[in-house]
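As stored in start-v5.csv (CSV, C-alpha atoms and all ligand atoms):
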chain,number,residue,atom,x,y,z
A,1332,MET,CA,-25.8,-14.5,-27.3
A,1333,ASP,CA,-22.8,-15.0,-29.5
A,1334,HIS,CA,-24.0,-12.4,-32.0
A,1335,PRO,CA,-21.4,-9.6,-32.5
A,1336,VAL,CA,-24.0,-6.9,-31.4
A,1337,TYR,CA,-24.6,-8.7,-28.1
A,1338,GLN,CA,-20.8,-9.1,-27.6
A,1339,PHE,CA,-20.3,-5.4,-28.2
A,1340,LEU,CA,-23.1,-4.5,-25.8
A,1341,PHE,CA,-21.7,-6.7,-23.0
A,1342,ARG,CA,-18.3,-5.1,-23.5
A,1343,VAL,CA,-19.7,-1.6,-23.2
A,1344,PHE,CA,-21.6,-2.8,-20.1
A,1345,ALA,CA,-18.4,-4.2,-18.5
A,1346,PHE,CA,-16.5,-0.9,-19.2
A,1347,VAL,CA,-19.3,1.3,-17.8
A,1348,LEU,CA,-19.8,-1.0,-14.8
A,1349,GLY,CA,-16.0,-0.7,-14.2
A,1350,ALA,CA,-16.0,3.1,-14.4
A,1351,SER,CA,-19.0,3.2,-11.9
A,1352,VAL,CA,-17.3,0.8,-9.5
A,1353,GLY,CA,-14.1,2.8,-9.8
A,1354,SER,CA,-16.1,5.9,-8.8
A,1355,PHE,CA,-17.2,4.0,-5.7
A,1356,LEU,CA,-13.7,2.7,-5.0
A,1357,ASN,CA,-12.5,6.4,-5.0
A,1358,VAL,CA,-14.9,7.0,-2.1
A,1359,CYS,CA,-13.4,3.9,-0.3
A,1360,ILE,CA,-9.8,5.1,-1.0
A,1361,TYR,CA,-10.6,8.6,0.4
A,1362,ARG,CA,-12.7,7.5,3.4
A,1363,TRP,CA,-11.5,4.2,4.7
A,1364,PRO,CA,-8.1,5.4,6.0
A,1365,VAL,CA,-9.7,8.4,7.8
A,1366,ASP,CA,-12.5,6.2,9.0
A,1367,LEU,CA,-15.5,8.0,7.6
A,1368,SER,CA,-18.5,5.8,6.8
A,1369,ILE,CA,-19.2,5.1,3.2
A,1370,ASN,CA,-22.9,5.9,3.5
A,1371,LYS,CA,-22.9,8.9,5.7
A,1372,PRO,CA,-23.0,11.4,4.1
A,1373,ARG,CA,-24.6,9.4,1.3
A,1374,ARG,CA,-23.6,11.7,-1.6
A,1375,SER,CA,-20.0,12.3,-2.7
A,1376,PHE,CA,-18.7,15.7,-1.6
A,1377,CYS,CA,-15.9,18.0,-2.7
A,1378,PRO,CA,-12.8,17.3,-0.5
A,1379,GLN,CA,-12.2,21.1,-0.5
A,1380,CYS,CA,-15.5,22.9,0.1
A,1381,LYS,CA,-17.4,19.8,1.4
A,1382,ARG,CA,-20.3,20.6,-0.8
A,1383,PRO,CA,-22.3,17.5,-2.0
A,1384,ILE,CA,-21.7,16.8,-5.6
A,1385,PRO,CA,-25.0,16.4,-7.6
A,1386,TRP,CA,-25.3,13.2,-9.6
A,1387,HIS,CA,-25.0,15.0,-13.0
A,1388,GLN,CA,-21.6,16.2,-12.0
A,1389,ASN,CA,-20.6,12.9,-10.6
A,1390,LEU,CA,-20.6,10.7,-13.8
A,1391,PRO,CA,-17.6,8.5,-13.8
A,1392,LEU,CA,-14.8,9.6,-16.2
A,1393,VAL,CA,-17.1,12.0,-18.1
A,1394,SER,CA,-17.5,14.6,-15.3
A,1395,TRP,CA,-13.8,14.8,-14.6
A,1396,ILE,CA,-13.1,15.6,-18.2
A,1397,LEU,CA,-16.1,18.0,-18.7
A,1398,LEU,CA,-15.2,19.9,-15.5
A,1399,ARG,CA,-11.5,19.7,-16.4
A,1400,GLY,CA,-10.6,18.2,-13.0
A,1401,ARG,CA,-12.1,21.0,-11.0
A,1402,CYS,CA,-15.0,21.3,-8.5
A,1403,ALA,CA,-18.0,23.0,-10.1
A,1404,ASN,CA,-18.7,24.9,-6.9
A,1405,CYS,CA,-15.4,26.2,-5.6
A,1406,GLY,CA,-13.0,25.5,-8.5
A,1407,ALA,CA,-10.7,23.4,-6.3
A,1408,LYS,CA,-8.6,20.9,-8.2
A,1409,ILE,CA,-9.9,17.4,-8.0
A,1410,ALA,CA,-6.9,15.1,-8.0
A,1411,PHE,CA,-6.1,13.2,-11.2
A,1412,ARG,CA,-6.2,10.0,-9.0
A,1413,TYR,CA,-10.0,10.1,-9.2
A,1414,PHE,CA,-10.0,9.9,-13.0
A,1415,ALA,CA,-7.1,7.4,-13.0
A,1416,VAL,CA,-8.9,5.0,-10.6
A,1417,GLU,CA,-12.1,5.1,-12.7
A,1418,LEU,CA,-10.2,4.5,-15.9
A,1419,ILE,CA,-8.0,1.7,-14.5
A,1420,THR,CA,-11.1,-0.1,-13.0
A,1421,ALA,CA,-13.0,0.3,-16.3
A,1422,LEU,CA,-10.2,-1.1,-18.4
A,1423,LEU,CA,-9.5,-4.0,-15.9
A,1424,PHE,CA,-13.3,-4.9,-15.8
A,1425,LEU,CA,-13.3,-4.9,-19.6
A,1426,ALA,CA,-10.1,-7.0,-19.9
A,1427,ILE,CA,-11.4,-9.5,-17.3
A,1428,TRP,CA,-14.7,-9.8,-19.1
A,1429,GLN,CA,-12.9,-10.5,-22.4
A,1430,SER,CA,-10.6,-13.1,-21.0
A,1431,PHE,CA,-12.7,-15.3,-18.7
A,1432,PRO,CA,-16.0,-17.2,-18.5
A,1433,TRP,CA,-18.6,-15.0,-16.7
A,1434,GLN,CA,-18.5,-16.8,-13.3
A,1435,LEU,CA,-14.8,-16.3,-13.1
A,1436,ALA,CA,-15.1,-12.8,-14.4
A,1437,ILE,CA,-17.4,-11.7,-11.6
A,1438,ALA,CA,-15.1,-13.1,-9.0
A,1439,TYR,CA,-12.1,-11.4,-10.6
A,1440,TRP,CA,-14.0,-8.1,-10.7
A,1441,ILE,CA,-14.4,-8.3,-6.9
A,1442,PHE,CA,-10.7,-9.2,-6.6
A,1443,ALA,CA,-9.5,-6.4,-8.9
A,1444,SER,CA,-11.6,-3.9,-6.9
A,1445,LEU,CA,-9.9,-4.9,-3.7
A,1446,LEU,CA,-6.4,-4.7,-5.4
A,1447,ILE,CA,-7.1,-1.2,-6.6
A,1448,VAL,CA,-8.3,0.1,-3.2
A,1449,GLY,CA,-5.4,-1.5,-1.5
A,1450,THR,CA,-2.9,-0.1,-4.0
A,1451,PHE,CA,-4.1,3.5,-3.8
A,1452,ILE,CA,-4.5,3.6,0.0
A,1453,ASP,CA,-1.0,2.1,0.4
A,1454,LEU,CA,0.5,4.6,-2.0
A,1455,GLU,CA,-0.9,7.5,-0.1
A,1456,HIS,CA,-0.9,6.3,3.6
A,1457,PHE,CA,1.6,3.4,3.7
A,1458,ILE,CA,-1.1,1.2,5.2
A,1459,ILE,CA,-3.6,-1.3,3.9
A,1460,PRO,CA,-6.7,-1.3,6.0
A,1461,ASP,CA,-8.1,-4.6,7.4
A,1462,ARG,CA,-11.3,-4.0,5.4
A,1463,VAL,CA,-9.3,-4.6,2.3
A,1464,THR,CA,-7.0,-7.4,3.5
A,1465,ILE,CA,-9.1,-9.4,6.0
A,1466,GLY,CA,-12.2,-8.5,3.9
A,1467,GLY,CA,-10.3,-9.8,0.9
A,1468,ILE,CA,-9.4,-13.1,2.6
A,1469,ILE,CA,-13.1,-13.7,3.5
A,1470,ALA,CA,-14.3,-12.6,0.0
A,1471,GLY,CA,-11.6,-14.9,-1.6
A,1472,VAL,CA,-12.7,-18.0,0.3
A,1473,ALA,CA,-16.4,-17.2,-0.3
A,1474,CYS,CA,-15.8,-16.7,-4.1
A,1475,SER,CA,-13.8,-19.9,-4.2
A,1476,VAL,CA,-16.7,-21.9,-2.7
A,1477,ALA,CA,-19.1,-20.2,-5.1
A,1478,VAL,CA,-16.8,-20.5,-8.2
A,1479,PRO,CA,-14.5,-23.6,-7.5
A,1480,ALA,CA,-12.9,-23.0,-10.9
A,1481,LEU,CA,-10.9,-20.3,-9.1
A,1482,MET,CA,-9.0,-23.1,-7.4
A,1483,GLU,CA,-9.0,-25.3,-10.5
A,1484,THR,CA,-11.3,-27.9,-9.1
A,1485,ASP,CA,-15.0,-28.9,-9.3
A,1486,SER,CA,-15.6,-29.5,-5.6
A,1487,ARG,CA,-16.7,-26.6,-3.5
A,1488,ILE,CA,-15.2,-28.1,-0.3
A,1489,ALA,CA,-11.8,-28.6,-2.0
A,1490,ALA,CA,-11.9,-25.1,-3.4
A,1491,GLY,CA,-12.7,-23.6,0.1
A,1492,ILE,CA,-9.9,-25.6,1.7
A,1493,ARG,CA,-7.4,-24.7,-1.0
A,1494,SER,CA,-8.3,-21.0,-0.8
A,1495,LEU,CA,-7.8,-21.0,3.0
A,1496,LEU,CA,-4.5,-22.9,2.8
A,1497,ALA,CA,-3.2,-20.5,0.1
A,1498,ALA,CA,-4.1,-17.5,2.4
A,1499,ALA,CA,-2.4,-19.1,5.4
A,1500,LEU,CA,0.7,-20.0,3.3
A,1501,GLY,CA,0.9,-16.4,2.0
A,1502,TYR,CA,0.8,-15.0,5.5
A,1503,VAL,CA,3.4,-17.4,6.9
A,1504,ILE,CA,5.8,-17.1,4.0
A,1505,LEU,CA,5.8,-13.3,4.1
A,1506,TRP,CA,6.1,-13.4,7.9
A,1507,ILE,CA,9.3,-15.5,7.6
A,1508,VAL,CA,10.7,-13.1,5.0
A,1509,LEU,CA,9.9,-10.2,7.2
A,1510,GLU,CA,11.5,-11.7,10.3
A,1511,ALA,CA,14.6,-12.8,8.3
A,1512,GLY,CA,14.8,-9.4,6.7
A,1513,LYS,CA,14.8,-7.8,10.2
A,1514,ILE,CA,17.9,-9.9,11.1
A,1515,ALA,CA,19.6,-9.2,7.9
A,1516,PHE,CA,18.7,-5.6,7.3
A,1517,GLY,CA,17.0,-4.7,10.5
A,1518,ARG,CA,19.1,-1.6,11.0
A,1519,LYS,CA,20.3,1.0,8.5
A,1520,ARG,CA,23.5,2.9,9.1
A,1521,ILE,CA,23.9,6.3,7.5
A,1522,GLU,CA,27.3,7.9,7.7
A,1523,PHE,CA,27.4,11.6,6.9
A,1524,ASP,CA,30.2,13.0,4.7
A,1525,ALA,CA,30.5,16.0,6.9
A,1526,PRO,CA,29.2,16.7,10.5
A,1527,THR,CA,25.5,17.4,10.0
A,1528,PRO,CA,23.3,19.5,12.3
A,1529,PHE,CA,20.2,17.8,13.6
A,1530,ALA,CA,17.2,18.9,15.7
A,1531,TRP,CA,14.6,16.9,17.5
A,1532,THR,CA,11.6,19.1,18.4
A,1533,LYS,CA,8.5,18.0,20.2
A,1534,ARG,CA,5.2,18.6,18.4
A,1535,GLY,CA,2.0,17.5,20.2
A,1536,ASP,CA,2.2,13.8,20.9
A,1537,ASP,CA,4.9,13.4,18.3
A,1538,ALA,CA,8.1,15.1,17.3
A,1539,ASP,CA,10.0,16.3,14.2
A,1540,LEU,CA,13.4,15.1,13.5
A,1541,VAL,CA,15.4,17.2,11.2
A,1542,VAL,CA,18.8,15.9,10.0
A,1543,GLY,CA,20.6,18.1,7.5
A,1544,ASN,CA,17.8,19.0,5.0
A,1545,GLU,CA,15.7,16.0,5.7
A,1546,GLU,CA,12.7,16.3,7.9
A,1547,SER,CA,10.8,13.3,9.3
A,1548,LEU,CA,8.2,12.4,11.9
A,1549,TRP,CA,9.6,10.7,15.0
A,1550,SER,CA,6.9,8.1,15.2
A,1551,ASP,CA,7.7,6.9,11.6
A,1552,TYR,CA,10.9,5.3,12.8
A,1553,PHE,CA,9.6,3.0,15.5
A,1554,ALA,CA,7.5,-0.1,14.9
A,1555,ARG,CA,8.3,-2.1,18.0
A,1556,GLU,CA,9.0,-1.2,21.6
A,1557,LYS,CA,12.6,-2.5,21.5
A,1558,ASP,CA,13.5,-0.5,18.3
A,1559,ARG,CA,16.6,1.7,18.8
A,1560,LEU,CA,17.8,4.7,16.9
A,1561,LEU,CA,21.4,5.8,17.4
A,1562,LEU,CA,22.9,9.2,16.8
A,1563,GLU,CA,26.7,9.5,16.9
A,1564,CYS,CA,27.3,13.2,17.7
A,1565,GLY,CA,30.2,15.5,17.8
A,1566,GLU,CA,28.2,17.6,20.2
A,1567,ALA,CA,24.7,17.4,21.5
A,1568,ARG,CA,22.3,19.4,23.7
A,1569,ILE,CA,19.3,17.9,25.5
A,1570,ASP,CA,17.3,20.9,26.7
A,1571,HIS,CA,19.9,22.5,29.0
A,1572,HIS,CA,22.4,19.7,29.3
A,1573,THR,CA,25.3,19.8,26.9
A,1574,TYR,CA,27.5,16.9,25.8
A,1575,GLY,CA,30.7,16.7,23.7
A,1576,ASP,CA,31.5,13.5,21.8
A,1577,VAL,CA,28.4,11.4,22.6
A,1578,THR,CA,26.2,8.6,21.3
A,1579,LEU,CA,22.5,9.3,21.8
A,1580,ASN,CA,20.7,6.1,22.2
A,1581,PHE,CA,17.0,6.6,21.4
A,1582,ARG,CA,13.9,4.4,22.1
A,1583,TYR,CA,10.5,5.6,21.0
A,1584,ASP,CA,9.9,7.2,24.4
A,1585,ARG,CA,13.4,7.9,25.9
A,1586,VAL,CA,17.0,8.9,25.1
A,1587,THR,CA,20.1,7.8,26.9
A,1588,ALA,CA,23.3,9.9,26.9
A,1589,GLU,CA,26.4,8.8,28.8
A,1590,GLY,CA,24.3,6.6,31.1
A,1591,HIS,CA,21.8,9.3,31.8
A,1592,VAL,CA,18.2,8.5,30.8
A,1593,TYR,CA,15.7,11.3,29.7
A,1594,MET,CA,12.1,10.5,29.2
A,1595,LEU,CA,11.1,12.2,25.9
A,1596,ASP,CA,7.8,13.3,27.5
A,1597,ASP,CA,9.9,15.7,29.7
A,1598,VAL,CA,12.2,16.9,26.9
A,1599,THR,CA,11.3,19.8,24.5
A,1600,GLN,CA,14.4,20.0,22.3
A,1601,ILE,CA,17.4,18.0,21.4
A,1602,SER,CA,20.0,19.4,18.9
A,1603,GLY,CA,23.6,19.1,17.9
A,1604,VAL,CA,25.9,17.9,15.2
A,1605,ALA,CA,25.8,14.3,14.0
A,1606,ARG,CA,28.4,12.1,12.3
A,1607,GLU,CA,26.3,8.9,11.9
A,1608,LEU,CA,22.8,7.8,12.2
A,1609,VAL,CA,21.5,4.2,12.7
A,1610,ILE,CA,17.7,3.8,12.2
A,1611,PRO,CA,15.5,0.8,12.8
A,1612,ARG,CA,13.9,-0.2,9.6
A,1613,GLU,CA,10.7,-2.1,9.0
A,1614,ALA,CA,10.8,-3.5,5.5
A,1615,MET,CA,7.1,-4.3,5.3
A,1616,GLY,CA,4.1,-3.6,7.4
A,1617,ARG,CA,1.7,-6.3,8.7
A,1618,GLY,CA,-0.9,-5.1,6.2
A,1619,ASP,CA,1.3,-6.6,3.4
A,1620,LEU,CA,1.1,-10.1,5.0
A,1621,LYS,CA,-2.7,-10.0,5.1
A,1622,PHE,CA,-2.8,-8.5,1.6
A,1623,LEU,CA,-0.7,-11.4,0.2
A,1624,ALA,CA,-3.0,-13.8,2.1
A,1625,ALA,CA,-6.0,-12.2,0.3
A,1626,ILE,CA,-4.2,-12.7,-3.1
A,1627,GLY,CA,-3.7,-16.4,-2.1
A,1628,ALA,CA,-7.4,-16.8,-1.1
A,1629,PHE,CA,-8.5,-15.5,-4.6
A,1630,LEU,CA,-5.9,-17.0,-6.9
A,1631,SER,CA,-4.5,-20.1,-5.1
A,1632,TRP,CA,-0.9,-20.7,-3.9
A,1633,ARG,CA,1.0,-20.6,-7.3
A,1634,ALA,CA,-0.3,-17.1,-8.0
A,1635,MET,CA,0.5,-16.1,-4.4
A,1636,LEU,CA,4.1,-17.2,-4.8
A,1637,PHE,CA,4.3,-15.6,-8.2
A,1638,SER,CA,2.9,-12.3,-6.9
A,1639,LEU,CA,5.5,-12.3,-4.0
A,1640,PHE,CA,8.4,-12.9,-6.3
A,1641,ALA,CA,7.3,-10.6,-9.2
A,1642,GLY,CA,6.4,-7.9,-6.6
A,1643,SER,CA,9.7,-8.1,-4.8
A,1644,LEU,CA,11.7,-8.0,-8.0
A,1645,LEU,CA,9.8,-5.0,-9.4
A,1646,GLY,CA,9.9,-3.3,-6.0
A,1647,SER,CA,13.7,-3.7,-5.7
A,1648,VAL,CA,14.3,-2.4,-9.3
A,1649,VAL,CA,12.0,0.6,-8.8
A,1650,GLY,CA,13.5,1.3,-5.4
A,1651,LEU,CA,17.0,1.1,-6.7
A,1652,ILE,CA,16.2,3.4,-9.7
A,1653,THR,CA,14.5,6.0,-7.7
A,1654,LEU,CA,17.4,6.0,-5.2
A,1655,VAL,CA,20.0,6.3,-7.9
A,1656,VAL,CA,18.1,9.0,-9.9
A,1657,GLY,CA,17.8,10.8,-6.6
A,1658,LYS,CA,14.0,11.1,-6.5
A,1659,ARG,CA,14.0,9.3,-3.1
A,1660,VAL,CA,15.7,10.1,0.1
A,1661,TRP,CA,17.0,7.5,2.6
A,1662,SER,CA,14.2,8.2,5.1
A,1663,ALA,CA,11.4,7.6,2.5
A,1664,LYS,CA,9.1,4.7,3.1
A,1665,LEU,CA,8.3,2.3,0.3
A,1666,PRO,CA,4.8,0.8,-0.1
A,1667,PHE,CA,4.9,-2.9,-1.0
A,1668,GLY,CA,1.1,-3.4,-1.6
A,1669,PRO,CA,1.1,-1.9,-5.2
A,1670,TYR,CA,3.9,-4.3,-6.3
A,1671,LEU,CA,2.0,-7.3,-4.9
A,1672,ALA,CA,-1.1,-6.1,-6.7
A,1673,PHE,CA,0.9,-5.8,-9.9
A,1674,GLY,CA,2.1,-9.4,-9.5
A,1675,ALA,CA,-1.5,-10.6,-8.9
A,1676,VAL,CA,-2.9,-8.9,-12.0
A,1677,SER,CA,-0.1,-10.2,-14.1
A,1678,TRP,CA,-0.8,-13.7,-13.0
A,1679,MET,CA,-4.5,-13.3,-13.6
A,1680,PHE,CA,-3.9,-12.6,-17.3
A,1681,PHE,CA,-0.5,-14.3,-18.0
A,1682,GLY,CA,-0.2,-17.0,-15.3
A,1683,ASN,CA,-1.0,-19.9,-17.6
A,1684,LEU,CA,1.5,-18.5,-20.2
A,1685,PHE,CA,4.1,-18.3,-17.5
A,1686,LEU,CA,3.4,-21.8,-16.2
A,1687,ARG,CA,3.8,-23.3,-19.7
A,1688,TRP,CA,7.1,-21.4,-20.2
A,1689,TYR,CA,8.3,-22.4,-16.7
A,1690,THR,CA,7.4,-26.1,-17.0
A,1691,GLY,CA,9.1,-26.1,-20.5
A,1692,LEU,CA,12.2,-24.7,-18.8
A,1693,VAL,CA,12.3,-27.3,-16.0
A,1694,ALA,CA,11.3,-30.4,-18.1
A,1695,PRO,CA,11.8,-29.7,-21.8
B,1,ZN,ZN,-15.5,22.3,-4.0
Can I see the file as structure tokens?
Amino acid sequence: MDHPVYQFLFRVFAFVLGASVGSFLNVCIYRWPVDLSINKPRRSFCPQCKRPIPWHQNLPLVSWILLRGRCANCGAKIAFRYFAVELITALLFLAIWQSFPWQLAIAYWIFASLLIVGTFIDLEHFIIPDRVTIGGIIAGVACSVAVPALMETDSRIAAGIRSLLAAALGYVILWIVLEAGKIAFGRKRIEFDAPTPFAWTKRGDDADLVVGNEESLWSDYFAREKDRLLLECGEARIDHHTYGDVTLNFRYDRVTAEGHVYMLDDVTQISGVARELVIPREAMGRGDLKFLAAIGAFLSWRAMLFSLFAGSLLGSVVGLITLVVGKRVWSAKLPFGPYLAFGAVSWMFFGNLFLRWYTGLVAP
């Protein structure tokens, strides 16, 4: 088995398996957030013309290149994401195979697949579905019992308990961070340089809020019932009522102006000129808590803490750079899942190196 030819064949197998799994992950990334079943319809179909894609046009990596990223039927562009997910999965599967004994490698393949699905769904939809997070916690505990080496022990019982504890710890720590963050940065005040026109317009069950050139969805601002959004206005109009200098005090379903309460259900348009805006801000979603718990279930508590710190550090740096460079506007949401996933993958490959460096630093 140690013969170079076998080694080469196993590497090719790991890469091809990764590309095929990546192709399946693309289906999960596309369908899970919109709640289509994975098996119905059984075949992959073109997102544009909905025509099923025959197997010979659905070969991972190869087809995307041969068809130059277009649907063979209608010519619609197939997003580069499909190719990227297949390539990333293939490379990660190969790297994992190269770096770990086979039992660990299989567990890490499952884990890496969950990280990839969580990352790409979060990037696109700003959520991480329970199938990824809660499914990941269950898979992590199960893998730890099956491969106790994941938790650095020989005992299956100890591995299961460590895995569960790491998951619980991850959830609780991030929950505390989240609650503390709400107290510290729960609200965000934006002062405008000049009086800025705004308009709130109802659209179906939701509404559009346009402030200056920035347009956003009303429901995006509110996570909890008690969240408030304040608009300091030079003048404001709520349907036919006009106000001069006024502070509009919004909840998700109502607005108060000079003591008068309007239910937003009965209002069609609010407009005026604003000087200052205070928005409620949710730093992270609940999905991130469960995602970090899943990382703990697979990699144990040290890796969970490392992922949290590495992810927060990278997230702040990227957030700051994009804001300074001007690629991001203040109302933009930031997904946290991809940063946690980055931290987890870094630990998988370099955790031991980091530990040795760290312990050398603490106790030389
Ligand atoms: Zn098509």
Practice problem: Point out the residue among A:Phe1622, A:Ser1677, A:Ile1360, A:Val1347 with the least atom-to-atom distance to Gly1501 in chain A, counting all atoms listed in the file. | Solution: A:Phe1622
Practice problem: Quick one: pull the distance between CA of Phe1346 in chain A and CA of Gln1429 in chain A, Å, one decimal. | Solution: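 Taking CA of Phe1346 in chain A as the start and CA of Gln1429 in chain A as the end point, the length is 10.7 Å.
For the atom pair formed by CA of Ala1477 in chain A and CA of Val1448 in chain A, the distance is 23.1 Å, given to one decimal.
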Exercise. Name the residues, by chain letter and number, that sit within 12 Å of ligand ZN 1 (chain B) using only C-alpha atoms and all ligand atoms, and give them as a VMD selection string.
Key: chain A and resid 1375 to 1385 1388 1398 1400 to 1410
Quiz item: Could you pull the residues within 7 Å of range 1524-1529 of chain A, counting all atoms listed in the file, minus those fewer than 2 positions along the same chain, as a PyMOL selection string?
Solution: chain A and resi 1522+1531+1541-1543+1602-1606
Exercise. Would you mind reading off the distance between CA of Ile1419 in chain A and CA of Ile1447 in chain A, one decimal, in Å?
Key: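 Separation between CA of Ile1419 in chain A and CA of Ile1447 in chain A: 8.5 Å.
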